[in-house]
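For reference, the structure is listed below as structure tokens.
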Amino acid sequence: MGLDGVNPVEYLEKGQSEFRAFGGNYIKGTVAKLEPAEDGALGWRAITAEGDEIRAKHVLVSTGITDELPDVPGVEELWGQRIFHCPYCHGYEVRNRRIAVIGGLNPGFTVRMVHLLRKWSPNITFFPNGLSLGETDLKQFAARGIEVNNKPVQQVAADPDFSEGLILSVDGEKIRFESCFVGPAFHPNHQLLIEAGCQYDEDGWVQQSNGRTSQQNLWAAGNVTSSPDQVPQAMGAGAATAIAIDQAMLTAELSELV
């Protein structure tokens with residue numbers, strides 16, 4: 001269950017529409033900085049790139065992640081159209097096709113992705129493209145019939161003869177594939193949270209519990225705290241954190257009564 005085939009833009013537009021319908025104020029812009037409220041009051045000041053200031057007792061940051069793609073010409077232009085990274089999102093749609101996988105900056109993720117794609121197609125070619133493979137990796141690939149091509153991928157282009165296909169330029173040779181996956185490095189867009197003093201783990205991910213960060217009344221949800229989250233999980237995390245915020249607000253209100 002996940003509204004298969006719905007354009008992500010529709011998700012965004014519907015979410016904004018429902019947000020406004022419940023009294024939300026949607027402002028299109030960029031928050032450049034979060035600062036604690038002055039004069040000892042609990043809460044935060046959001047400073048926009050234009051210099052405007054928005055005050056709130058609680059702030060929820062859901063700024064997502066940035067995918068760092070392999071530095072191969074054509075990959076960025078075809079990203080999300082003919083080039084993907086998630087077998088759980090796109091594996092079924094490319095079943096039994098001839099699939100190329102191009103290595104990137106995330107070796108553990110990429111190797112795992114190759115094996116997951118093998119469940120959907122017997123015709124997988126992996127181009128490490130500079131990614132270092134161990135002896136165990138090579139033996140496991142061979143045992144599962146996965147071809148490893150160590151020649152460099154110089155360019156990726158759309159195949160004019162197949163609406164979803166690609167042509168890889170590999171060491172001067174043109175090779176056609178029906179689908180292509182890459183292994184990006186995932187970077188959380190957490191600058192606002194880090195600058196606000198939130199604690200983070202050794203891998204750089206902001207620590208949170210039920211959305212609550214180490215800074216009072218500052219919350220985080222979605223891919224900014226967890227790279228594997230798909231749209232439904234990120235939406236669920238946002239809803240769960242909103243409930244936690246509302247509970248925290250009620251607790252604070254009751255404590256002021258007595």
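Each chain of the structure tokens is named A, B, ... in the order shown, its residues numbered from 1; ligands are numbered from 1 in display order.
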
Would you please give, as a PyMOL selection string, all residues of region 25-129 of chain A that DSSP assigns to alpha helix (DSSP H) based on the backbone? chain A and resi 75-78+87-90+107-118

Write out as a PDB file with N, CA and C atoms, in the first residue's frame the set of residues from region 33-255 of chain A that DSSP, computed on the backbone, places in strand (DSSP E).
ATOM      1  N   LYS A  33      18.880  29.996   9.397  1.00  0.00           N
ATOM      2  CA  LYS A  33      19.434  29.796  10.735  1.00  0.00           C
ATOM      3  C   LYS A  33      18.323  29.627  11.752  1.00  0.00           C
ATOM      4  N   LEU A  34      18.602  28.787  12.759  1.00  0.00           N
ATOM      5  CA  LEU A  34      17.703  28.643  13.904  1.00  0.00           C
ATOM      6  C   LEU A  34      18.430  29.120  15.150  1.00  0.00           C
ATOM      7  N   GLU A  35      17.780  30.003  15.909  1.00  0.00           N
ATOM      8  CA  GLU A  35      18.384  30.531  17.124  1.00  0.00           C
ATOM      9  C   GLU A  35      17.397  30.394  18.280  1.00  0.00           C
ATOM     10  N   PRO A  36      17.895  30.111  19.486  1.00  0.00           N
ATOM     11  CA  PRO A  36      16.997  30.057  20.649  1.00  0.00           C
ATOM     12  C   PRO A  36      16.319  31.408  20.860  1.00  0.00           C
ATOM     13  N   TRP A  44      12.073  29.064  19.578  1.00  0.00           N
ATOM     14  CA  TRP A  44      13.115  29.290  18.589  1.00  0.00           C
ATOM     15  C   TRP A  44      12.756  30.425  17.645  1.00  0.00           C
ATOM     16  N   ARG A  45      13.795  31.012  17.097  1.00  0.00           N
ATOM     17  CA  ARG A  45      13.651  32.040  16.057  1.00  0.00           C
ATOM     18  C   ARG A  45      14.214  31.460  14.763  1.00  0.00           C
ATOM     19  N   ALA A  46      13.374  31.400  13.736  1.00  0.00           N
ATOM     20  CA  ALA A  46      13.816  30.954  12.418  1.00  0.00           C
ATOM     21  C   ALA A  46      14.116  32.186  11.571  1.00  0.00           C
ATOM     22  N   ILE A  47      15.372  32.308  11.135  1.00  0.00           N
ATOM     23  CA  ILE A  47      15.793  33.453  10.322  1.00  0.00           C
ATOM     24  C   ILE A  47      15.847  33.002   8.865  1.00  0.00           C
ATOM     25  N   THR A  48      15.079  33.647   8.000  1.00  0.00           N
ATOM     26  CA  THR A  48      15.052  33.247   6.600  1.00  0.00           C
ATOM     27  C   THR A  48      16.235  33.843   5.839  1.00  0.00           C
ATOM     28  N   GLU A  53      12.057  37.024  10.211  1.00  0.00           N
ATOM     29  CA  GLU A  53      12.126  36.227  11.426  1.00  0.00           C
ATOM     30  C   GLU A  53      10.768  35.633  11.758  1.00  0.00           C
ATOM     31  N   ILE A  54      10.766  34.345  12.083  1.00  0.00           N
ATOM     32  CA  ILE A  54       9.548  33.640  12.476  1.00  0.00           C
ATOM     33  C   ILE A  54       9.802  33.004  13.841  1.00  0.00           C
ATOM     34  N   ARG A  55       8.925  33.240  14.788  1.00  0.00           N
ATOM     35  CA  ARG A  55       9.094  32.717  16.144  1.00  0.00           C
ATOM     36  C   ARG A  55       8.111  31.570  16.393  1.00  0.00           C
ATOM     37  N   ALA A  56       8.570  30.561  17.129  1.00  0.00           N
ATOM     38  CA  ALA A  56       7.706  29.430  17.475  1.00  0.00           C
ATOM     39  C   ALA A  56       8.215  28.777  18.745  1.00  0.00           C
ATOM     40  N   VAL A  59       9.880  23.724  16.998  1.00  0.00           N
ATOM     41  CA  VAL A  59      10.275  23.682  15.585  1.00  0.00           C
ATOM     42  C   VAL A  59      10.537  22.226  15.193  1.00  0.00           C
ATOM     43  N   LEU A  60       9.949  21.816  14.078  1.00  0.00           N
ATOM     44  CA  LEU A  60      10.192  20.494  13.511  1.00  0.00           C
ATOM     45  C   LEU A  60      10.963  20.672  12.197  1.00  0.00           C
ATOM     46  N   VAL A  61      12.147  20.055  12.122  1.00  0.00           N
ATOM     47  CA  VAL A  61      12.991  20.143  10.934  1.00  0.00           C
ATOM     48  C   VAL A  61      12.859  18.850  10.126  1.00  0.00           C
ATOM     49  N   ILE A  65      17.562  14.548   2.771  1.00  0.00           N
ATOM     50  CA  ILE A  65      18.953  14.244   2.475  1.00  0.00           C
ATOM     51  C   ILE A  65      19.303  14.679   1.059  1.00  0.00           C
ATOM     52  N   THR A  66      20.596  14.729   0.795  1.00  0.00           N
ATOM     53  CA  THR A  66      21.102  14.971  -0.551  1.00  0.00           C
ATOM     54  C   THR A  66      21.835  13.720  -1.019  1.00  0.00           C
ATOM     55  N   ASP A  67      21.524  13.261  -2.237  1.00  0.00           N
ATOM     56  CA  ASP A  67      22.184  12.097  -2.812  1.00  0.00           C
ATOM     57  C   ASP A  67      23.394  12.554  -3.619  1.00  0.00           C
ATOM     58  N   GLU A  68      24.578  12.116  -3.213  1.00  0.00           N
ATOM     59  CA  GLU A  68      25.793  12.421  -3.977  1.00  0.00           C
ATOM     60  C   GLU A  68      26.002  11.301  -4.995  1.00  0.00           C
ATOM     61  N   ILE A  83      17.644   6.358 -14.247  1.00  0.00           N
ATOM     62  CA  ILE A  83      18.655   5.863 -13.312  1.00  0.00           C
ATOM     63  C   ILE A  83      18.104   5.949 -11.896  1.00  0.00           C
ATOM     64  N   PHE A  84      18.227   4.844 -11.148  1.00  0.00           N
ATOM     65  CA  PHE A  84      17.631   4.761  -9.821  1.00  0.00           C
ATOM     66  C   PHE A  84      18.643   4.199  -8.817  1.00  0.00           C
ATOM     67  N   ILE A  99      20.268  -5.130 -16.617  1.00  0.00           N
ATOM     68  CA  ILE A  99      20.472  -4.017 -15.688  1.00  0.00           C
ATOM     69  C   ILE A  99      21.958  -3.754 -15.480  1.00  0.00           C
ATOM     70  N   ALA A 100      22.331  -2.479 -15.542  1.00  0.00           N
ATOM     71  CA  ALA A 100      23.684  -2.043 -15.207  1.00  0.00           C
ATOM     72  C   ALA A 100      23.669  -1.385 -13.838  1.00  0.00           C
ATOM     73  N   VAL A 101      24.705  -1.640 -13.053  1.00  0.00           N
ATOM     74  CA  VAL A 101      24.881  -0.959 -11.770  1.00  0.00           C
ATOM     75  C   VAL A 101      26.246  -0.286 -11.796  1.00  0.00           C
ATOM     76  N   ILE A 102      26.269   1.019 -11.526  1.00  0.00           N
ATOM     77  CA  ILE A 102      27.515   1.792 -11.525  1.00  0.00           C
ATOM     78  C   ILE A 102      27.894   2.125 -10.096  1.00  0.00           C
ATOM     79  N   ILE A 124      22.555  -9.085 -14.645  1.00  0.00           N
ATOM     80  CA  ILE A 124      23.091  -7.915 -13.949  1.00  0.00           C
ATOM     81  C   ILE A 124      24.567  -7.746 -14.310  1.00  0.00           C
ATOM     82  N   THR A 125      24.950  -6.529 -14.682  1.00  0.00           N
ATOM     83  CA  THR A 125      26.358  -6.203 -14.898  1.00  0.00           C
ATOM     84  C   THR A 125      26.742  -5.084 -13.940  1.00  0.00           C
ATOM     85  N   PHE A 126      27.759  -5.344 -13.139  1.00  0.00           N
ATOM     86  CA  PHE A 126      28.210  -4.364 -12.140  1.00  0.00           C
ATOM     87  C   PHE A 126      29.520  -3.736 -12.610  1.00  0.00           C
ATOM     88  N   PHE A 127      29.508  -2.397 -12.691  1.00  0.00           N
ATOM     89  CA  PHE A 127      30.699  -1.626 -13.021  1.00  0.00           C
ATOM     90  C   PHE A 127      31.200  -0.957 -11.740  1.00  0.00           C
ATOM     91  N   GLU A 147      27.799 -10.441 -13.434  1.00  0.00           N
ATOM     92  CA  GLU A 147      28.998 -10.059 -14.176  1.00  0.00           C
ATOM     93  C   GLU A 147      29.610  -8.790 -13.584  1.00  0.00           C
ATOM     94  N   VAL A 148      30.940  -8.798 -13.434  1.00  0.00           N
ATOM     95  CA  VAL A 148      31.666  -7.623 -12.958  1.00  0.00           C
ATOM     96  C   VAL A 148      32.557  -7.126 -14.100  1.00  0.00           C
ATOM     97  N   VAL A 153      33.279   3.474 -16.678  1.00  0.00           N
ATOM     98  CA  VAL A 153      32.115   4.041 -17.370  1.00  0.00           C
ATOM     99  C   VAL A 153      32.394   5.517 -17.595  1.00  0.00           C
ATOM    100  N   GLN A 154      32.431   5.921 -18.847  1.00  0.00           N
ATOM    101  CA  GLN A 154      32.807   7.297 -19.182  1.00  0.00           C
ATOM    102  C   GLN A 154      31.617   8.218 -19.377  1.00  0.00           C
ATOM    103  N   GLN A 155      30.464   7.625 -19.715  1.00  0.00           N
ATOM    104  CA  GLN A 155      29.266   8.445 -19.950  1.00  0.00           C
ATOM    105  C   GLN A 155      28.037   7.558 -19.988  1.00  0.00           C
ATOM    106  N   VAL A 156      26.903   8.154 -19.621  1.00  0.00           N
ATOM    107  CA  VAL A 156      25.617   7.471 -19.709  1.00  0.00           C
ATOM    108  C   VAL A 156      24.675   8.364 -20.507  1.00  0.00           C
ATOM    109  N   ALA A 157      23.972   7.760 -21.466  1.00  0.00           N
ATOM    110  CA  ALA A 157      23.040   8.524 -22.301  1.00  0.00           C
ATOM    111  C   ALA A 157      21.743   7.746 -22.456  1.00  0.00           C
ATOM    112  N   ALA A 158      20.666   8.471 -22.728  1.00  0.00           N
ATOM    113  CA  ALA A 158      19.373   7.832 -22.961  1.00  0.00           C
ATOM    114  C   ALA A 158      19.408   7.100 -24.302  1.00  0.00           C
ATOM    115  N   LEU A 166      19.218   2.753 -21.645  1.00  0.00           N
ATOM    116  CA  LEU A 166      20.395   3.617 -21.582  1.00  0.00           C
ATOM    117  C   LEU A 166      21.522   3.016 -22.412  1.00  0.00           C
ATOM    118  N   ILE A 167      22.442   3.890 -22.800  1.00  0.00           N
ATOM    119  CA  ILE A 167      23.655   3.471 -23.490  1.00  0.00           C
ATOM    120  C   ILE A 167      24.841   3.918 -22.648  1.00  0.00           C
ATOM    121  N   LEU A 168      25.648   2.965 -22.212  1.00  0.00           N
ATOM    122  CA  LEU A 168      26.835   3.276 -21.417  1.00  0.00           C
ATOM    123  C   LEU A 168      28.061   3.270 -22.312  1.00  0.00           C
ATOM    124  N   SER A 169      28.833   4.336 -22.222  1.00  0.00           N
ATOM    125  CA  SER A 169      30.125   4.386 -22.906  1.00  0.00           C
ATOM    126  C   SER A 169      31.160   3.818 -21.950  1.00  0.00           C
ATOM    127  N   VAL A 170      31.676   2.641 -22.284  1.00  0.00           N
ATOM    128  CA  VAL A 170      32.587   1.915 -21.397  1.00  0.00           C
ATOM    129  C   VAL A 170      33.911   1.679 -22.114  1.00  0.00           C
ATOM    130  N   GLU A 173      33.597   1.670 -25.734  1.00  0.00           N
ATOM    131  CA  GLU A 173      32.570   0.790 -26.288  1.00  0.00           C
ATOM    132  C   GLU A 173      31.183   1.251 -25.845  1.00  0.00           C
ATOM    133  N   LYS A 174      30.192   1.159 -26.737  1.00  0.00           N
ATOM    134  CA  LYS A 174      28.813   1.506 -26.422  1.00  0.00           C
ATOM    135  C   LYS A 174      28.054   0.234 -26.048  1.00  0.00           C
ATOM    136  N   ILE A 175      27.514   0.207 -24.828  1.00  0.00           N
ATOM    137  CA  ILE A 175      26.787  -0.967 -24.359  1.00  0.00           C
ATOM    138  C   ILE A 175      25.373  -0.558 -23.963  1.00  0.00           C
ATOM    139  N   ARG A 176      24.394  -1.273 -24.482  1.00  0.00           N
ATOM    140  CA  ARG A 176      22.998  -0.957 -24.187  1.00  0.00           C
ATOM    141  C   ARG A 176      22.491  -1.746 -22.977  1.00  0.00           C
ATOM    142  N   PHE A 177      21.713  -1.035 -22.149  1.00  0.00           N
ATOM    143  CA  PHE A 177      21.050  -1.662 -21.013  1.00  0.00           C
ATOM    144  C   PHE A 177      19.607  -1.175 -20.959  1.00  0.00           C
ATOM    145  N   SER A 179      17.972  -0.885 -18.012  1.00  0.00           N
ATOM    146  CA  SER A 179      17.799  -0.124 -16.771  1.00  0.00           C
ATOM    147  C   SER A 179      19.167   0.083 -16.135  1.00  0.00           C
ATOM    148  N   CYS A 180      19.254   1.084 -15.249  1.00  0.00           N
ATOM    149  CA  CYS A 180      20.541   1.386 -14.616  1.00  0.00           C
ATOM    150  C   CYS A 180      20.320   1.867 -13.176  1.00  0.00           C
ATOM    151  N   PHE A 181      21.181   1.388 -12.279  1.00  0.00           N
ATOM    152  CA  PHE A 181      21.148   1.795 -10.875  1.00  0.00           C
ATOM    153  C   PHE A 181      22.534   2.297 -10.478  1.00  0.00           C
ATOM    154  N   VAL A 182      22.562   3.198  -9.516  1.00  0.00           N
ATOM    155  CA  VAL A 182      23.833   3.698  -8.973  1.00  0.00           C
ATOM    156  C   VAL A 182      23.742   3.691  -7.450  1.00  0.00           C
ATOM    157  N   ALA A 185      26.086   8.378  -2.247  1.00  0.00           N
ATOM    158  CA  ALA A 185      26.396   8.630  -0.841  1.00  0.00           C
ATOM    159  C   ALA A 185      25.284   9.527  -0.303  1.00  0.00           C
ATOM    160  N   PHE A 186      24.805   9.229   0.904  1.00  0.00           N
ATOM    161  CA  PHE A 186      23.674   9.960   1.470  1.00  0.00           C
ATOM    162  C   PHE A 186      24.166  10.973   2.498  1.00  0.00           C
ATOM    163  N   HIS A 187      23.816  12.241   2.290  1.00  0.00           N
ATOM    164  CA  HIS A 187      24.239  13.311   3.193  1.00  0.00           C
ATOM    165  C   HIS A 187      23.003  13.999   3.773  1.00  0.00           C
ATOM    166  N   PRO A 188      22.776  13.899   5.084  1.00  0.00           N
ATOM    167  CA  PRO A 188      21.613  14.567   5.678  1.00  0.00           C
ATOM    168  C   PRO A 188      21.733  16.081   5.590  1.00  0.00           C
ATOM    169  N   LEU A 218      13.187  21.447  19.978  1.00  0.00           N
ATOM    170  CA  LEU A 218      13.659  21.350  18.596  1.00  0.00           C
ATOM    171  C   LEU A 218      13.564  19.885  18.184  1.00  0.00           C
ATOM    172  N   TRP A 219      12.829  19.628  17.095  1.00  0.00           N
ATOM    173  CA  TRP A 219      12.488  18.264  16.691  1.00  0.00           C
ATOM    174  C   TRP A 219      12.974  17.990  15.267  1.00  0.00           C
ATOM    175  N   ALA A 220      13.091  16.708  14.929  1.00  0.00           N
ATOM    176  CA  ALA A 220      13.541  16.329  13.585  1.00  0.00           C
ATOM    177  C   ALA A 220      12.871  15.025  13.178  1.00  0.00           C
TER     178      ALA A 220
END

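In terms of minimum interatomic distance to Ala41 (chain A), A:Lys57 ranks closest within A:Gln16, A:Leu78, A:Thr63, A:Lys57, counting only C-alpha atoms.
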
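Here CA of Leu105 (chain A) stands at a distance of 21.6 Å from CA of Tyr200 (chain A).
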
Separation of CA of Ala239 (chain A) from CA of Cys89 (chain A) in Å: 22.0 Å

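Pairwise distance (CA of Asn96 (chain A), CA of Gly134 (chain A)) equals 27.3 Å.
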
For Asn123 (chain A), which of A:Gly23, A:Gly145, A:Gly108, A:Gly64 is the closest residue, counting only C-alpha atoms?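 Checking each of A:Gly23, A:Gly145, A:Gly108, A:Gly64 against Asn123 (chain A), counting only C-alpha atoms, the winner is A:Gly145.
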
Return the single residue from A:Met235, A:Arg212, A:Trp205, A:Lys28 that is closest to Gly15 (chain A), with distances computed using only C-alpha atoms.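 Residue with the minimum atom-to-atom distance to Gly15 (chain A): A:Met235.
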
Among the residues A:Val6, A:Leu257, A:Val114, A:Ala221, the one that comes closest to Asp137 (chain A) [using only C-alpha atoms]: A:Val114

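Considering only C-alpha atoms, the residue among A:Val224, A:Thr110, A:Ser214, A:Val94 positioned nearest to Gly197 (chain A) is A:Ser214.
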